[in-house]
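Text of model-v9.cif, listed as mmCIF, C-alpha atoms and all ligand atoms:
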```
data_run
#
loop_
_atom_site.label_atom_id
_atom_site.label_comp_id
_atom_site.auth_asym_id
_atom_site.auth_seq_id
_atom_site.Cartn_x
_atom_site.Cartn_y
_atom_site.Cartn_z
CA MET A 1 -10.35 -11.16 1.31
CA ARG A 2 -12.37 -13.00 3.93
CA TRP A 3 -9.31 -14.01 6.02
CA VAL A 4 -8.15 -10.42 6.03
CA ILE A 5 -11.48 -9.36 7.54
CA VAL A 6 -11.26 -12.18 10.11
CA LEU A 7 -7.69 -11.19 10.93
CA SER A 8 -8.76 -7.55 11.31
CA PHE A 9 -11.46 -8.62 13.77
CA TRP A 10 -8.92 -10.69 15.69
CA LEU A 11 -6.48 -7.77 15.85
CA SER A 12 -9.11 -5.29 16.94
CA GLY A 13 -10.10 -7.85 19.59
CA CYS A 14 -6.49 -7.94 20.77
CA VAL A 15 -6.53 -4.18 21.13
CA SER A 16 -9.48 -4.47 23.44
CA PHE A 17 -7.49 -6.92 25.60
CA HIS A 18 -4.49 -4.59 25.66
CA PRO A 19 -5.95 -1.12 25.82
CA LEU A 20 -2.69 0.48 26.92
CA ASP A 21 -0.46 -1.12 24.30
CA LYS A 22 -0.86 1.61 21.68
CA GLN A 23 2.60 1.02 20.19
CA TRP A 24 1.75 -2.56 19.33
CA ASP A 25 -1.55 -1.43 17.85
CA ARG A 26 0.16 1.06 15.51
CA GLU A 27 2.75 -1.42 14.30
CA ALA A 28 0.40 -4.34 13.75
CA LYS A 29 -2.19 -2.66 11.57
CA PRO A 30 0.03 -1.73 8.62
CA SER A 31 1.19 -5.33 8.20
CA VAL A 32 -2.43 -6.44 7.69
CA THR A 33 -2.99 -3.74 5.08
CA ALA A 34 0.22 -4.62 3.26
CA VAL A 35 -0.90 -8.18 2.45
CA ASP A 36 -4.33 -7.14 1.18
CA ALA A 37 -3.94 -7.84 -2.54
CA ASP A 38 -7.46 -6.56 -3.17
CA ALA A 39 -6.55 -3.01 -2.14
CA PRO A 40 -7.29 -0.51 -4.94
CA VAL A 41 -4.35 0.74 -7.01
CA ARG A 42 -3.29 4.23 -5.90
CA ARG A 43 -3.49 6.56 -8.89
CA PRO A 44 -1.60 9.86 -8.99
CA ARG A 45 -3.70 12.94 -8.34
CA PRO A 46 -3.24 16.44 -9.72
CA THR A 47 -2.03 19.15 -7.37
CA PRO A 48 -4.46 21.89 -6.34
CA TRP A 49 -4.65 24.87 -8.70
CA GLN A 50 -1.86 27.37 -8.22
CA THR A 51 -2.05 30.97 -9.45
CA ILE A 52 0.94 32.12 -11.54
CA GLY A 53 -0.34 35.55 -12.56
CA SER A 54 -3.36 37.68 -13.32
CA SER A 55 -5.12 38.86 -16.44
CA VAL A 56 -5.74 42.52 -17.33
CA GLN A 57 -9.09 42.33 -15.54
CA GLY A 58 -7.63 40.48 -12.54
CA ARG A 59 -8.67 36.91 -13.33
CA PRO A 60 -6.19 34.29 -12.10
CA LEU A 61 -3.96 32.36 -14.46
CA ARG A 62 -3.83 28.90 -12.91
CA ILE A 63 -1.70 25.80 -13.27
CA ARG A 64 -1.81 22.34 -11.77
CA ARG A 65 0.58 19.43 -12.10
CA ILE A 66 0.35 15.68 -12.18
CA GLY A 67 3.17 13.17 -12.21
CA HIS A 68 6.77 13.58 -11.12
CA GLY A 69 8.82 12.15 -13.98
CA PRO A 70 11.84 13.67 -15.74
CA ARG A 71 9.99 14.46 -18.99
CA ARG A 72 8.27 17.83 -18.63
CA VAL A 73 5.20 18.56 -20.74
CA LEU A 74 3.11 21.74 -20.68
CA TRP A 75 -0.53 21.62 -21.79
CA ILE A 76 -2.21 24.99 -22.44
CA GLY A 77 -6.00 24.83 -22.49
CA GLY A 78 -6.41 27.86 -24.74
CA ILE A 79 -4.97 31.25 -25.66
CA HIS A 80 -7.71 32.62 -27.96
CA GLY A 81 -10.80 33.31 -25.89
CA ASN A 82 -13.27 32.41 -28.62
CA GLU A 83 -11.69 28.98 -29.19
CA ARG A 84 -12.84 26.89 -26.25
CA GLU A 85 -13.22 23.53 -27.97
CA GLY A 86 -10.21 22.19 -26.04
CA ALA A 87 -11.42 23.30 -22.60
CA LEU A 88 -13.00 19.94 -21.79
CA THR A 89 -9.68 18.28 -22.59
CA THR A 90 -8.10 20.41 -19.88
CA ASP A 91 -10.61 18.99 -17.41
CA ARG A 92 -10.32 15.37 -18.54
CA LEU A 93 -6.59 15.13 -19.08
CA PRO A 94 -5.42 14.55 -15.48
CA ALA A 95 -7.63 11.48 -14.94
CA ALA A 96 -6.68 10.01 -18.33
CA PHE A 97 -3.01 10.61 -17.56
CA ALA A 98 -3.41 8.96 -14.15
CA ARG A 99 -4.83 5.81 -15.75
CA GLU A 100 -1.75 5.34 -17.97
CA PRO A 101 0.57 2.79 -16.31
CA GLY A 102 3.89 4.36 -15.39
CA ALA A 103 2.96 7.83 -16.70
CA ALA A 104 3.50 9.57 -13.37
CA GLU A 105 7.01 8.12 -13.14
CA GLN A 106 7.91 9.17 -16.69
CA VAL A 107 6.35 12.62 -16.97
CA THR A 108 5.61 15.77 -15.03
CA LEU A 109 2.56 17.21 -16.77
CA THR A 110 1.83 20.88 -16.10
CA ILE A 111 -1.60 22.11 -17.11
CA LEU A 112 -2.28 25.81 -17.71
CA GLU A 113 -6.03 26.10 -17.48
CA ASP A 114 -6.45 29.10 -19.77
CA ALA A 115 -3.86 31.60 -20.99
CA ASN A 116 -6.57 34.19 -21.74
CA PRO A 117 -9.37 34.08 -19.15
CA ASP A 118 -10.63 37.61 -19.98
CA GLY A 119 -11.01 36.61 -23.62
CA THR A 120 -12.84 33.47 -22.57
CA ALA A 121 -15.21 35.46 -20.38
CA ALA A 122 -15.95 37.87 -23.24
CA ASN A 123 -15.74 35.25 -26.03
CA THR A 124 -13.13 37.31 -27.85
CA ARG A 125 -9.94 36.23 -29.58
CA GLY A 126 -7.79 38.81 -27.80
CA ASN A 127 -7.51 39.80 -24.17
CA ALA A 128 -9.35 42.70 -22.46
CA ASN A 129 -6.99 45.17 -24.21
CA GLY A 130 -7.91 43.71 -27.57
CA VAL A 131 -4.41 42.25 -28.01
CA ASP A 132 -3.96 38.82 -29.58
CA LEU A 133 -1.81 37.14 -26.92
CA ASN A 134 -0.56 34.70 -29.55
CA ARG A 135 1.24 37.63 -31.24
CA ASN A 136 2.82 39.12 -28.10
CA TYR A 137 5.94 36.94 -27.73
CA PRO A 138 9.58 37.98 -28.23
CA ALA A 139 10.13 36.01 -31.42
CA ALA A 140 12.30 37.30 -34.27
CA ASN A 141 9.15 37.97 -36.30
CA PHE A 142 7.35 40.13 -33.66
CA VAL A 143 5.49 43.09 -35.20
CA PRO A 144 4.32 45.91 -32.89
CA GLY A 145 0.79 47.18 -33.28
CA PRO A 146 -2.49 47.79 -31.44
CA ARG A 147 -3.60 44.17 -31.92
CA PHE A 148 -0.18 42.59 -31.27
CA GLY A 149 1.09 44.79 -28.42
CA ARG A 150 3.42 47.79 -28.46
CA PHE A 151 6.35 45.56 -27.51
CA PRO A 152 6.75 41.85 -26.72
CA LEU A 153 5.27 40.75 -23.39
CA ASP A 154 3.50 44.06 -22.68
CA GLN A 155 0.40 42.02 -21.78
CA PRO A 156 0.36 40.41 -18.31
CA GLU A 157 -1.04 37.10 -19.57
CA ALA A 158 1.76 36.74 -22.12
CA LYS A 159 4.40 37.59 -19.51
CA ALA A 160 3.05 35.01 -17.03
CA LEU A 161 3.19 32.23 -19.64
CA TYR A 162 6.64 33.41 -20.74
CA ASP A 163 7.90 33.12 -17.14
CA LEU A 164 6.28 29.69 -16.80
CA VAL A 165 7.98 28.35 -19.94
CA LEU A 166 11.40 29.65 -18.88
CA ALA A 167 10.97 28.22 -15.36
CA GLU A 168 9.73 24.84 -16.59
CA ARG A 169 11.90 24.44 -19.70
CA PRO A 170 9.42 21.83 -20.96
CA HIS A 171 10.37 19.11 -23.43
CA LEU A 172 7.05 19.63 -25.19
CA VAL A 173 4.32 22.30 -25.25
CA ILE A 174 0.81 21.56 -26.55
CA VAL A 175 -1.70 24.37 -26.96
CA ALA A 176 -5.38 24.04 -27.86
CA HIS A 177 -6.98 26.23 -30.55
CA SER A 178 -9.73 25.92 -33.15
CA TRP A 179 -9.87 26.70 -36.87
CA ARG A 180 -12.86 27.94 -38.80
CA ASP A 181 -13.40 25.08 -41.24
CA ASP A 182 -10.84 22.37 -40.60
CA HIS A 183 -9.01 20.39 -37.94
CA PHE A 184 -5.30 19.59 -38.00
CA ILE A 185 -2.11 19.50 -35.97
CA ASN A 186 0.37 22.32 -36.52
CA PHE A 187 3.91 22.41 -35.16
CA ASP A 188 6.90 24.69 -34.69
CA GLY A 189 10.48 23.81 -33.82
CA PRO A 190 11.79 20.25 -33.69
CA ALA A 191 8.33 18.65 -33.46
CA LEU A 192 7.70 16.99 -36.85
CA ASP A 193 7.97 13.47 -35.41
CA LEU A 194 5.59 14.35 -32.56
CA ALA A 195 3.12 15.94 -34.97
CA GLU A 196 3.21 12.81 -37.13
CA ARG A 197 2.70 10.62 -34.09
CA PHE A 198 -0.24 12.80 -33.07
CA SER A 199 -1.66 12.47 -36.59
CA ARG A 200 -1.41 8.66 -36.58
CA HIS A 201 -3.43 8.46 -33.37
CA SER A 202 -6.09 11.03 -34.27
CA GLY A 203 -6.41 11.34 -38.05
CA TYR A 204 -5.69 15.11 -37.73
CA ARG A 205 -3.45 16.03 -40.68
CA VAL A 206 -0.05 17.61 -40.07
CA HIS A 207 0.27 21.23 -41.26
CA ALA A 208 3.62 22.96 -40.89
CA SER A 209 3.60 26.63 -39.96
CA ASP A 210 5.06 27.74 -43.29
CA ARG A 211 1.75 26.75 -44.91
CA PHE A 212 -0.04 29.60 -43.16
CA ALA A 213 -0.08 33.34 -43.34
CA PRO A 214 2.71 34.78 -41.17
CA THR A 215 2.09 34.51 -37.43
CA PRO A 216 4.39 37.22 -36.02
CA GLY A 217 5.18 37.00 -32.33
CA SER A 218 3.24 33.76 -31.90
CA LEU A 219 3.88 31.39 -29.02
CA GLY A 220 4.98 28.83 -31.62
CA SER A 221 7.49 31.26 -33.12
CA TRP A 222 9.03 31.98 -29.75
CA VAL A 223 8.89 28.51 -28.13
CA GLY A 224 9.47 26.43 -31.24
CA ARG A 225 11.73 28.46 -33.46
CA LYS A 226 13.61 30.64 -30.98
CA LEU A 227 13.89 28.33 -27.96
CA GLN A 228 13.88 25.16 -30.10
CA ILE A 229 11.35 23.51 -27.81
CA PRO A 230 8.88 21.27 -29.68
CA ILE A 231 5.43 22.84 -29.70
CA LEU A 232 2.22 21.36 -31.11
CA THR A 233 -0.68 23.67 -31.95
CA LEU A 234 -3.83 21.58 -31.85
CA GLU A 235 -6.53 23.00 -34.11
CA HIS A 236 -10.00 21.56 -33.59
CA GLN A 237 -12.72 22.53 -36.01
CA ARG A 238 -14.45 25.69 -34.74
CA GLY A 239 -17.77 24.95 -33.06
CA SER A 240 -17.13 21.21 -32.61
CA ASP A 241 -18.55 19.46 -29.57
CA PRO A 242 -15.77 19.61 -26.93
CA LEU A 243 -16.50 16.02 -25.90
CA ARG A 244 -15.99 14.84 -29.48
CA CYS A 245 -12.75 16.84 -29.63
CA TRP A 246 -11.52 15.15 -26.48
CA LEU A 247 -12.46 11.65 -27.57
CA ALA A 248 -10.96 12.15 -31.04
CA THR A 249 -7.59 13.34 -29.70
CA ARG A 250 -7.31 11.71 -26.26
CA ARG A 251 -5.06 8.86 -27.41
CA ALA A 252 -2.99 11.19 -29.60
CA ILE A 253 -2.43 13.68 -26.76
CA LEU A 254 -1.36 10.94 -24.36
CA SER A 255 0.93 9.41 -26.97
CA VAL A 256 2.91 12.63 -27.43
CA ILE A 257 2.94 13.40 -23.71
CA LEU A 258 4.38 9.98 -22.90
CA LYS A 259 6.93 9.81 -25.72
CA ALA A 260 10.35 9.85 -24.12
ZN ZN B 301 -6.35 30.15 -32.12
#
```
Before we go any further, please render this structure as structure tokens.
Amino acid sequence: MRWVIVLSFWLSGCVSFHPLDKQWDREAKPSVTAVDADAPVRRPRPTPWQTIGSSVQGRPLRIRRIGHGPRRVLWIGGIHGNEREGALTTDRLPAAFAREPGAAEQVTLTILEDANPDGTAANTRGNANGVDLNRNYPAANFVPGPRFGRFPLDQPEAKALYDLVLAERPHLVIVAHSWRDDHFINFDGPALDLAERFSRHSGYRVHASDRFAPTPGSLGSWVGRKLQIPILTLEHQRGSDPLRCWLATRRAILSVILKA
């Protein structure tokens, strides 16, 4: 390092002897930087937040991306407003992704901050119209009703995420939820191997969707079963410390994101 500093002094001294030779100055400096083996490794950074739509009450629906690889993964920080255990994961994920060697070359990770910001603000499961957005998708099992929507995608939040999925055509979707007295990883579509991989790295048991009560018009039904895109529904235990949730599933989340 010391000789680099000495060389830098010598070069800056040269500049003072040749004040008009700006071209030489510009060309010489990069060569000094290039041989500095102690320079910090450049880590990928997430893009600024970008608004892709608005909620019923006008709150922005925001995404950001990190990485530029061919594998496209969509992380959704939450869709039920009273299930915010995964919100810290949404904050921590870009830096953890950036620390994984080669991740940015393998994967383009798109992060949807919150699919239901009105519900989050009010701490309600549904949006400001009282509709469960996770029942508002055009799956074969959609059921109209006051809590599910009169027709698929009649809620602006659901339509914005629908448009995002069709534009991105992700190879994997992961969405954060919480469950009242348990934690597990649920899946729809061709995602059994990814769910099992997630389970190995986290200890969260795998629960297939057919173990539950029907979930008509759910995001999993549309993305997983209709579009045949693997989707993992991550259920933390309701009320858990978000930091614990992140630490317990960090390795598992990265392992399924990076799986080619
Ligand atoms: Zn939920």
task = Go through A:Ser255, A:Thr233, A:Ser54, A:Asn129 one by one, measure the shortest atom-to-atom distance of each to ligand ZN 301 (chain B) using all atoms listed in the file, and give the residue with the smallest value.
result =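 Comparing A:Ser255, A:Thr233, A:Ser54, A:Asn129 against ligand ZN 301 (chain B), the winner is A:Thr233.
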inquiry  = Show me which residues line ligand ZN 301 (chain B), defined as having an atom within 8 Å of a ligand atom where only C-alpha atoms and all ligand atoms count, and present them as a PyMOL selection string.
reply    = chain A and resi 78-80+83+125+134+176-179+235
Just C-alpha atoms for this one: save the residues we selected as a CSV table (one decimal), in the frame of the given file.
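Printed below is again-v2.csv as written:
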```csv
chain,number,residue,atom,x,y,z
A,78,GLY,CA,-6.4,27.9,-24.7
A,79,ILE,CA,-5.0,31.2,-25.7
A,80,HIS,CA,-7.7,32.6,-28.0
A,83,GLU,CA,-11.7,29.0,-29.2
A,125,ARG,CA,-9.9,36.2,-29.6
A,134,ASN,CA,-0.6,34.7,-29.6
A,176,ALA,CA,-5.4,24.0,-27.9
A,177,HIS,CA,-7.0,26.2,-30.6
A,178,SER,CA,-9.7,25.9,-33.2
A,179,TRP,CA,-9.9,26.7,-36.9
A,235,GLU,CA,-6.5,23.0,-34.1
```
ask   = So which one's closest to Gln237 (chain A), A:Glu105, A:Glu168, A:Asp181, A:Asp163? Using only C-alpha atoms, please.
value =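 Once distances to Gln237 (chain A) are computed over only C-alpha atoms, the minimum belongs to A:Asp181.
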Residues near Phe148 (chain A), cut-off 10 Å, all atoms listed in the file, skip fewer than 5 positions along chain, as number ranges by chain = A: 126, 130-137, 142-143, 153-155, 216-218
query = When you draw a straight line from CA of Arg62 (chain A) to CA of Arg43 (chain A), how long is it in Å?
reply =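 Spanning CA of Arg62 (chain A) to CA of Arg43 (chain A) is a straight-line distance of 22.7 Å.
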Shell of 12 Å around region 94-98 of chain A, only C-alpha atoms, local chain residues under 2 positions omitted, as a PDB file with C-alpha atoms, in the frame of the given file:
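What ended up in out.pdb:
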```pdb
ATOM      1  CA  VAL A  41      -4.350   0.740  -7.010  1.00  0.00           C
ATOM      2  CA  ARG A  42      -3.290   4.230  -5.900  1.00  0.00           C
ATOM      3  CA  ARG A  43      -3.490   6.560  -8.890  1.00  0.00           C
ATOM      4  CA  PRO A  44      -1.600   9.860  -8.990  1.00  0.00           C
ATOM      5  CA  ARG A  45      -3.700  12.940  -8.340  1.00  0.00           C
ATOM      6  CA  PRO A  46      -3.240  16.440  -9.720  1.00  0.00           C
ATOM      7  CA  THR A  47      -2.030  19.150  -7.370  1.00  0.00           C
ATOM      8  CA  PRO A  48      -4.460  21.890  -6.340  1.00  0.00           C
ATOM      9  CA  ARG A  64      -1.810  22.340 -11.770  1.00  0.00           C
ATOM     10  CA  ARG A  65       0.580  19.430 -12.100  1.00  0.00           C
ATOM     11  CA  ILE A  66       0.350  15.680 -12.180  1.00  0.00           C
ATOM     12  CA  GLY A  67       3.170  13.170 -12.210  1.00  0.00           C
ATOM     13  CA  HIS A  68       6.770  13.580 -11.120  1.00  0.00           C
ATOM     14  CA  VAL A  73       5.200  18.560 -20.740  1.00  0.00           C
ATOM     15  CA  TRP A  75      -0.530  21.620 -21.790  1.00  0.00           C
ATOM     16  CA  LEU A  88     -13.000  19.940 -21.790  1.00  0.00           C
ATOM     17  CA  THR A  89      -9.680  18.280 -22.590  1.00  0.00           C
ATOM     18  CA  THR A  90      -8.100  20.410 -19.880  1.00  0.00           C
ATOM     19  CA  ASP A  91     -10.610  18.990 -17.410  1.00  0.00           C
ATOM     20  CA  ARG A  92     -10.320  15.370 -18.540  1.00  0.00           C
ATOM     21  CA  GLU A 100      -1.750   5.340 -17.970  1.00  0.00           C
ATOM     22  CA  PRO A 101       0.570   2.790 -16.310  1.00  0.00           C
ATOM     23  CA  GLY A 102       3.890   4.360 -15.390  1.00  0.00           C
ATOM     24  CA  ALA A 103       2.960   7.830 -16.700  1.00  0.00           C
ATOM     25  CA  ALA A 104       3.500   9.570 -13.370  1.00  0.00           C
ATOM     26  CA  GLU A 105       7.010   8.120 -13.140  1.00  0.00           C
ATOM     27  CA  GLN A 106       7.910   9.170 -16.690  1.00  0.00           C
ATOM     28  CA  VAL A 107       6.350  12.620 -16.970  1.00  0.00           C
ATOM     29  CA  THR A 108       5.610  15.770 -15.030  1.00  0.00           C
ATOM     30  CA  LEU A 109       2.560  17.210 -16.770  1.00  0.00           C
ATOM     31  CA  THR A 110       1.830  20.880 -16.100  1.00  0.00           C
ATOM     32  CA  ILE A 111      -1.600  22.110 -17.110  1.00  0.00           C
ATOM     33  CA  LEU A 112      -2.280  25.810 -17.710  1.00  0.00           C
ATOM     34  CA  GLU A 113      -6.030  26.100 -17.480  1.00  0.00           C
ATOM     35  CA  TRP A 246     -11.520  15.150 -26.480  1.00  0.00           C
ATOM     36  CA  LEU A 247     -12.460  11.650 -27.570  1.00  0.00           C
ATOM     37  CA  THR A 249      -7.590  13.340 -29.700  1.00  0.00           C
ATOM     38  CA  ARG A 250      -7.310  11.710 -26.260  1.00  0.00           C
ATOM     39  CA  ARG A 251      -5.060   8.860 -27.410  1.00  0.00           C
ATOM     40  CA  ALA A 252      -2.990  11.190 -29.600  1.00  0.00           C
ATOM     41  CA  ILE A 253      -2.430  13.680 -26.760  1.00  0.00           C
ATOM     42  CA  LEU A 254      -1.360  10.940 -24.360  1.00  0.00           C
ATOM     43  CA  SER A 255       0.930   9.410 -26.970  1.00  0.00           C
ATOM     44  CA  VAL A 256       2.910  12.630 -27.430  1.00  0.00           C
ATOM     45  CA  ILE A 257       2.940  13.400 -23.710  1.00  0.00           C
ATOM     46  CA  LEU A 258       4.380   9.980 -22.900  1.00  0.00           C
TER      47      LEU A 258
END
```
inquiry  = I'd like the interatomic distance between CA of Phe151 (chain A) and CA of Pro138 (chain A), to a tenth of an Å.
reply    =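 Calculated distance between CA of Phe151 (chain A) and CA of Pro138 (chain A) is 8.3 Å.
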task = Please indicate the distance in Å from CA of Ile229 (chain A) to CA of Pro190 (chain A), rounded to one decimal place.
result =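 Atom-to-atom, CA of Ile229 (chain A) to CA of Pro190 (chain A), that is 6.7 Å.
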Spatial neighbours of Pro60 (chain A), 9 Å, only C-alpha atoms, chain gap at least 6 places, as number ranges by chain = A: 51-54, 117
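The smallest atom-to-atom distance between Leu172 (chain A) and any of A:His207, A:Arg150, A:Lys226, A:Arg72, using all atoms listed in the file, is found for A:Arg72.
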request  = Find the residue from A:Pro152, A:Gly203, A:Gly145, A:Pro242 that sits nearest to Trp222 (chain A); use all atoms listed in the file when measuring.
outcome  =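 Selected residue with least distance to Trp222 (chain A): A:Pro152.
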inquiry  = Under the rule that only C-alpha atoms are counted, which of A:Ala195, A:Leu243, A:Val173, A:Val206 is the nearest residue to Leu227 (chain A)?
reply    =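 Answer, going by the shortest atom-to-atom distance: A:Val173.
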Within 7 Å of Ser209 (chain A) using only C-alpha atoms, minus same-chain residues under 3 positions, as a list in words =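 Counting only the stated atoms, we get Asn186, Phe187, Asp188 and Phe212 of chain A.
Residue nearest Asp118 (chain A), chosen from A:Ala160, A:Ala167, A:Leu61, A:Ile76 and counting all atoms listed in the file: A:Leu61.
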